[in-house]
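This report refers to the structure that appears directly beneath it.
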Amino acid sequence: MVAGAVILGGVTRLTESGLSMVDWHLVKEMKPPTTKDEWMAEFIKYQQFPEFKILNHEMTLTEFKFIWYMEYSHRMWGRAVGLAYILPAIYFWKKGWLSRGTKGGVLFLCSFVCFQGLLGWYMVKSGLEEKANSYDIPRVSQYRLAAHLGSALVLYCASLWGGLSMLLPQHKLPETHQLLKLRRFAHGTAGLVFFTALSGAFVAGLDAGLVYNSFPKMGDRWIPEDLLTFSPVLKNIFENPTTVQFDHRILGISSVAAITAMYLFSRKIPLPHRTKMALTCLLAVAYLQVTLGISTLLLYVPTPLAATHQSGSLALLSMALWLMHELRRFPK
């Protein structure tokens, strides 16, 4: 369900639907408009904000309904995710089925899913703010978008790790020097995959996928001229679309290179079948994901392909986490 929320959130961003609901109510907004008057009232509210005034001033009510339902679906899915965590947690807790350690994990997950919802509204608010004398395309802050995606990925990873720990029996692997090196390699690679996915939030937030639609070069250069045009230099990393795209390319290529090197290194080590399968899946998904990324770039970010690429980042992160879990140290 968390994966579904992340994917739906990506589609909401790609269809530029995220600013269509201009207020937030936990219960009241669960009932969508039904009559023409209710829809007009919702549309009039939207018309007071910068996105309509600058970008969508010719939008019809029918077009508005589409983007409204996209954002509504994302919000309702988020509430369903919250219930999927909290209701079973209460039931299992009352039944006494949770160990002391598991209770801590459950409290963290339930608290974090509530925090994630509030962070989502904090992100949307940044795109609703009226900026004096500004005619830039209204968009949410890329910093808040990255925080919202990053926290969703943390929630997903924590849930997946907990699920794997309960469902998969652990291997008792011999603590050899090579295995220790492979374990460190797997941890570093998973971190690299996570930060590559997070850098994608800055690409989405700045529409950086539309600035250089060529590969492997950016235009006719390996390093574009406008890579460090902002001052101070550090600002380019987070606010210059060219630098953001360049960084995402470097992180993506580095992730694939690291995964390939790790796979080749692992072939020298005797490993259980399931661990070998995790390595093979990680390698396959990495090459699929980089192919999706390059295709999305070259085709000027079509929504279906871009959404598949965003989903691929979750699949790749899942494979990296599965491998980490396979290689984890056996408790004494």
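Ordering of the structure tokens sets the chain letters (A, B, ...); residue numbers start at 1 within each chain; ligands are numbered from 1 in the order shown.
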
**Request:** Could you pull out the residues in range 152-321 of chain A that DSSP calls alpha helix (DSSP H) from the backbone, as a PyMOL selection string?
**Result:** chain A and resi 152-167+177-205+235-239+241-266+273-298+303-321

**Message:** Set the distance at 9 Å and use only C-alpha atoms: which residues neighbour Arg139 in chain A once local chain neighbours fewer than 6 positions away are removed? I'd like the list as a list of chain:residue names.
**Reply:**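 Here the qualifying residues turn out to be A:Glu16, A:Gly18, A:Leu19, A:Glu51, A:Val124, A:Ser126, A:Gly127, A:Leu128, A:Gly205, A:Leu206.
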
Output N, CA, C and O atoms of each residue in that selection to a file, as an mmCIF file, in the first residue's frame.
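Generated output (part_35.cif):
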data_model
loop_
_atom_site.group_PDB
_atom_site.id
_atom_site.type_symbol
_atom_site.label_atom_id
_atom_site.label_comp_id
_atom_site.auth_asym_id
_atom_site.auth_seq_id
_atom_site.Cartn_x
_atom_site.Cartn_y
_atom_site.Cartn_z
ATOM 1 N N GLU A 16 0.442 17.091 -13.014
ATOM 2 C CA GLU A 16 0.299 18.447 -12.448
ATOM 3 C C GLU A 16 -1.054 18.615 -11.753
ATOM 4 O O GLU A 16 -1.757 19.608 -11.945
ATOM 5 N N GLY A 18 -1.352 18.056 -8.258
ATOM 6 C CA GLY A 18 -1.150 18.135 -6.810
ATOM 7 C C GLY A 18 -1.667 19.389 -6.133
ATOM 8 O O GLY A 18 -1.839 19.397 -4.906
ATOM 9 N N LEU A 19 -1.906 20.465 -6.895
ATOM 10 C CA LEU A 19 -2.360 21.722 -6.282
ATOM 11 C C LEU A 19 -3.839 21.987 -6.515
ATOM 12 O O LEU A 19 -4.317 23.102 -6.323
ATOM 13 N N GLU A 51 -1.683 28.733 -9.430
ATOM 14 C CA GLU A 51 -1.631 27.769 -10.532
ATOM 15 C C GLU A 51 -2.700 28.064 -11.578
ATOM 16 O O GLU A 51 -2.434 27.999 -12.782
ATOM 17 N N VAL A 124 2.283 20.688 -0.181
ATOM 18 C CA VAL A 124 1.284 21.303 -1.072
ATOM 19 C C VAL A 124 1.161 22.803 -0.801
ATOM 20 O O VAL A 124 1.062 23.608 -1.730
ATOM 21 N N SER A 126 3.336 24.905 -0.076
ATOM 22 C CA SER A 126 4.404 25.690 -0.707
ATOM 23 C C SER A 126 4.059 26.059 -2.154
ATOM 24 O O SER A 126 4.574 27.046 -2.680
ATOM 25 N N GLY A 127 3.201 25.272 -2.798
ATOM 26 C CA GLY A 127 2.797 25.571 -4.173
ATOM 27 C C GLY A 127 1.586 26.485 -4.265
ATOM 28 O O GLY A 127 1.230 26.952 -5.350
ATOM 29 N N LEU A 128 0.940 26.743 -3.115
ATOM 30 C CA LEU A 128 -0.259 27.588 -3.095
ATOM 31 C C LEU A 128 0.060 29.024 -2.710
ATOM 32 O O LEU A 128 -0.802 29.901 -2.787
ATOM 33 N N GLY A 205 10.616 17.966 -9.103
ATOM 34 C CA GLY A 205 10.212 19.256 -8.552
ATOM 35 C C GLY A 205 10.603 20.440 -9.417
ATOM 36 O O GLY A 205 9.913 21.462 -9.432
ATOM 37 N N LEU A 206 11.725 20.308 -10.151
ATOM 38 C CA LEU A 206 12.212 21.406 -10.995
ATOM 39 C C LEU A 206 11.934 21.174 -12.484
ATOM 40 O O LEU A 206 12.399 21.946 -13.330
#

**Request:** May I have the residues within 10 Å of range 192-196 of chain A as a PyMOL selection string, using only C-alpha atoms and disregarding those fewer than 2 positions away in the same chain?
**Result:** chain A and resi 150+153-154+157+186-190+198-201+247-256+258-259+286+313-314+316-318+320-321

Would you put the residues from that selection into a file with C-alpha atoms, as an mmCIF file, in the first residue's frame?
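To be explicit, this is the file written out as again.cif:
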data_model
loop_
_atom_site.group_PDB
_atom_site.id
_atom_site.type_symbol
_atom_site.label_atom_id
_atom_site.label_comp_id
_atom_site.auth_asym_id
_atom_site.auth_seq_id
_atom_site.Cartn_x
_atom_site.Cartn_y
_atom_site.Cartn_z
ATOM 1 C CA GLY A 150 12.186 10.564 1.335
ATOM 2 C CA LEU A 153 10.749 5.692 1.158
ATOM 3 C CA VAL A 154 11.859 5.391 4.806
ATOM 4 C CA CYS A 157 11.914 0.404 3.703
ATOM 5 C CA ALA A 186 25.486 -4.253 -0.246
ATOM 6 C CA HIS A 187 24.915 -1.572 2.434
ATOM 7 C CA GLY A 188 26.748 1.077 0.402
ATOM 8 C CA THR A 189 24.901 0.130 -2.777
ATOM 9 C CA ALA A 190 21.510 0.295 -1.049
ATOM 10 C CA LEU A 198 15.703 10.896 -3.613
ATOM 11 C CA SER A 199 17.516 12.955 -6.254
ATOM 12 C CA GLY A 200 14.628 12.058 -8.589
ATOM 13 C CA ALA A 201 12.385 14.218 -6.373
ATOM 14 C CA ASP A 247 23.621 14.742 -10.577
ATOM 15 C CA HIS A 248 20.748 12.308 -11.168
ATOM 16 C CA ARG A 249 22.547 10.907 -14.232
ATOM 17 C CA ILE A 250 25.806 10.471 -12.282
ATOM 18 C CA LEU A 251 24.029 8.829 -9.326
ATOM 19 C CA GLY A 252 22.083 6.498 -11.649
ATOM 20 C CA ILE A 253 25.178 5.419 -13.584
ATOM 21 C CA SER A 254 27.133 5.012 -10.324
ATOM 22 C CA SER A 255 24.346 2.812 -8.896
ATOM 23 C CA VAL A 256 24.383 0.501 -11.942
ATOM 24 C CA ALA A 258 28.258 -0.464 -8.194
ATOM 25 C CA ILE A 259 25.581 -3.166 -8.552
ATOM 26 C CA ALA A 286 19.091 -1.998 -12.149
ATOM 27 C CA SER A 313 13.089 3.111 -8.325
ATOM 28 C CA LEU A 314 10.905 1.429 -5.679
ATOM 29 C CA LEU A 316 15.259 -1.385 -7.286
ATOM 30 C CA LEU A 317 15.256 -0.206 -3.675
ATOM 31 C CA SER A 318 13.266 -3.327 -2.742
ATOM 32 C CA ALA A 320 18.709 -3.784 -2.620
ATOM 33 C CA LEU A 321 16.925 -4.139 0.727
#

**Message:** With distances taken over only C-alpha atoms, which residue among A:Thr280, A:Ser266, A:Thr102, A:Gln116 lies nearest Ala5 in chain A?
**Reply:** A:Gln116

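Distances to His148 in chain A were evaluated for A:Pro241, A:Pro216, A:Gly10, A:Pro304 using only C-alpha atoms, and the minimum falls at A:Gly10.
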
**Request:** Might you pull out every residue within 10 Å of range 21-29 of chain A, with only C-alpha atoms counted and same-chain residues fewer than 4 positions away left off, and present them as a list in words?
**Result:**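 Here the answer would be Ser17, Pro33, Glu42, Phe43, Lys45, Tyr46, Gln47, Gln48, Phe49, Ile67, Trp68, Tyr69, Met70, Glu71, Tyr72, Arg75, Met76, Arg79, Gly117, Leu118, Trp121, Val124, Lys125, Gly127 and Leu128 of chain A.
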
Suppose we keep N, CA, C and O atoms; can you now write the selection as an mmCIF file, in the first residue's frame?
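Resulting contents of selection_36.cif:
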data_model
loop_
_atom_site.group_PDB
_atom_site.id
_atom_site.type_symbol
_atom_site.label_atom_id
_atom_site.label_comp_id
_atom_site.auth_asym_id
_atom_site.auth_seq_id
_atom_site.Cartn_x
_atom_site.Cartn_y
_atom_site.Cartn_z
ATOM 1 N N SER A 17 -1.380 17.608 -10.935
ATOM 2 C CA SER A 17 -2.677 17.609 -10.248
ATOM 3 C C SER A 17 -2.572 17.957 -8.767
ATOM 4 O O SER A 17 -3.588 18.139 -8.092
ATOM 5 N N PRO A 33 -17.185 16.311 -4.064
ATOM 6 C CA PRO A 33 -18.355 17.049 -4.559
ATOM 7 C C PRO A 33 -19.235 16.139 -5.427
ATOM 8 O O PRO A 33 -18.722 15.286 -6.159
ATOM 9 N N GLU A 42 -15.855 24.346 -5.534
ATOM 10 C CA GLU A 42 -14.474 23.816 -5.448
ATOM 11 C C GLU A 42 -13.595 24.471 -6.521
ATOM 12 O O GLU A 42 -12.445 24.831 -6.266
ATOM 13 N N PHE A 43 -14.150 24.618 -7.713
ATOM 14 C CA PHE A 43 -13.418 25.208 -8.831
ATOM 15 C C PHE A 43 -13.107 26.687 -8.553
ATOM 16 O O PHE A 43 -12.006 27.176 -8.837
ATOM 17 N N LYS A 45 -12.715 28.055 -5.638
ATOM 18 C CA LYS A 45 -11.627 28.086 -4.645
ATOM 19 C C LYS A 45 -10.271 27.936 -5.328
ATOM 20 O O LYS A 45 -9.322 28.654 -5.022
ATOM 21 N N TYR A 46 -10.206 27.000 -6.269
ATOM 22 C CA TYR A 46 -8.950 26.748 -7.006
ATOM 23 C C TYR A 46 -8.536 27.979 -7.811
ATOM 24 O O TYR A 46 -7.339 28.288 -7.927
ATOM 25 N N GLN A 47 -9.510 28.703 -8.333
ATOM 26 C CA GLN A 47 -9.233 29.861 -9.175
ATOM 27 C C GLN A 47 -8.582 31.025 -8.414
ATOM 28 O O GLN A 47 -8.045 31.946 -9.026
ATOM 29 N N GLN A 48 -8.617 30.980 -7.083
ATOM 30 C CA GLN A 48 -8.018 32.043 -6.281
ATOM 31 C C GLN A 48 -6.507 31.885 -6.133
ATOM 32 O O GLN A 48 -5.839 32.772 -5.603
ATOM 33 N N PHE A 49 -5.961 30.769 -6.616
ATOM 34 C CA PHE A 49 -4.552 30.448 -6.352
ATOM 35 C C PHE A 49 -3.688 30.555 -7.612
ATOM 36 O O PHE A 49 -4.201 30.510 -8.744
ATOM 37 N N ILE A 67 -7.931 16.671 -12.613
ATOM 38 C CA ILE A 67 -6.793 16.884 -11.707
ATOM 39 C C ILE A 67 -7.237 16.809 -10.246
ATOM 40 O O ILE A 67 -6.481 16.359 -9.381
ATOM 41 N N TRP A 68 -8.494 17.225 -9.958
ATOM 42 C CA TRP A 68 -9.002 17.145 -8.589
ATOM 43 C C TRP A 68 -9.100 15.686 -8.145
ATOM 44 O O TRP A 68 -8.673 15.349 -7.043
ATOM 45 N N TYR A 69 -9.638 14.836 -9.012
ATOM 46 C CA TYR A 69 -9.778 13.421 -8.656
ATOM 47 C C TYR A 69 -8.419 12.731 -8.515
ATOM 48 O O TYR A 69 -8.268 11.800 -7.721
ATOM 49 N N MET A 70 -7.415 13.173 -9.276
ATOM 50 C CA MET A 70 -6.074 12.619 -9.122
ATOM 51 C C MET A 70 -5.538 12.896 -7.718
ATOM 52 O O MET A 70 -5.058 11.994 -7.032
ATOM 53 N N GLU A 71 -5.615 14.153 -7.292
ATOM 54 C CA GLU A 71 -5.134 14.524 -5.958
ATOM 55 C C GLU A 71 -5.999 13.884 -4.870
ATOM 56 O O GLU A 71 -5.482 13.405 -3.851
ATOM 57 N N TYR A 72 -7.307 13.836 -5.105
ATOM 58 C CA TYR A 72 -8.225 13.207 -4.146
ATOM 59 C C TYR A 72 -7.870 11.726 -3.952
ATOM 60 O O TYR A 72 -7.827 11.230 -2.821
ATOM 61 N N ARG A 75 -4.789 11.393 -1.794
ATOM 62 C CA ARG A 75 -5.075 11.669 -0.375
ATOM 63 C C ARG A 75 -5.871 10.541 0.276
ATOM 64 O O ARG A 75 -5.597 10.153 1.419
ATOM 65 N N MET A 76 -6.859 10.016 -0.435
ATOM 66 C CA MET A 76 -7.664 8.927 0.133
ATOM 67 C C MET A 76 -6.832 7.651 0.292
ATOM 68 O O MET A 76 -6.987 6.911 1.261
ATOM 69 N N ARG A 79 -4.878 8.010 3.432
ATOM 70 C CA ARG A 79 -5.668 7.708 4.627
ATOM 71 C C ARG A 79 -5.854 6.200 4.797
ATOM 72 O O ARG A 79 -5.821 5.677 5.914
ATOM 73 N N GLY A 117 1.581 12.141 6.351
ATOM 74 C CA GLY A 117 0.385 12.857 5.875
ATOM 75 C C GLY A 117 0.498 14.352 6.097
ATOM 76 O O GLY A 117 0.170 15.156 5.204
ATOM 77 N N LEU A 118 0.971 14.763 7.275
ATOM 78 C CA LEU A 118 1.142 16.189 7.573
ATOM 79 C C LEU A 118 2.216 16.808 6.684
ATOM 80 O O LEU A 118 2.081 17.944 6.221
ATOM 81 N N TRP A 121 0.797 17.749 3.260
ATOM 82 C CA TRP A 121 0.077 19.027 3.201
ATOM 83 C C TRP A 121 1.056 20.201 3.292
ATOM 84 O O TRP A 121 0.891 21.212 2.604
ATOM 85 N N VAL A 124 2.283 20.688 -0.181
ATOM 86 C CA VAL A 124 1.284 21.303 -1.072
ATOM 87 C C VAL A 124 1.161 22.803 -0.801
ATOM 88 O O VAL A 124 1.062 23.608 -1.730
ATOM 89 N N LYS A 125 1.221 23.190 0.480
ATOM 90 C CA LYS A 125 1.094 24.611 0.845
ATOM 91 C C LYS A 125 2.140 25.475 0.147
ATOM 92 O O LYS A 125 1.867 26.627 -0.198
ATOM 93 N N GLY A 127 3.201 25.272 -2.798
ATOM 94 C CA GLY A 127 2.797 25.571 -4.173
ATOM 95 C C GLY A 127 1.586 26.485 -4.265
ATOM 96 O O GLY A 127 1.230 26.952 -5.350
ATOM 97 N N LEU A 128 0.940 26.743 -3.115
ATOM 98 C CA LEU A 128 -0.259 27.588 -3.095
ATOM 99 C C LEU A 128 0.060 29.024 -2.710
ATOM 100 O O LEU A 128 -0.802 29.901 -2.787
#

**Item:** Minimum-distance residue to Ile137 in chain A, chosen among A:Gly209, A:Lys53, A:Met59, A:Phe64 (using only C-alpha atoms)
**Value:**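 The shortest atom-to-atom distance to Ile137 in chain A comes from A:Lys53.
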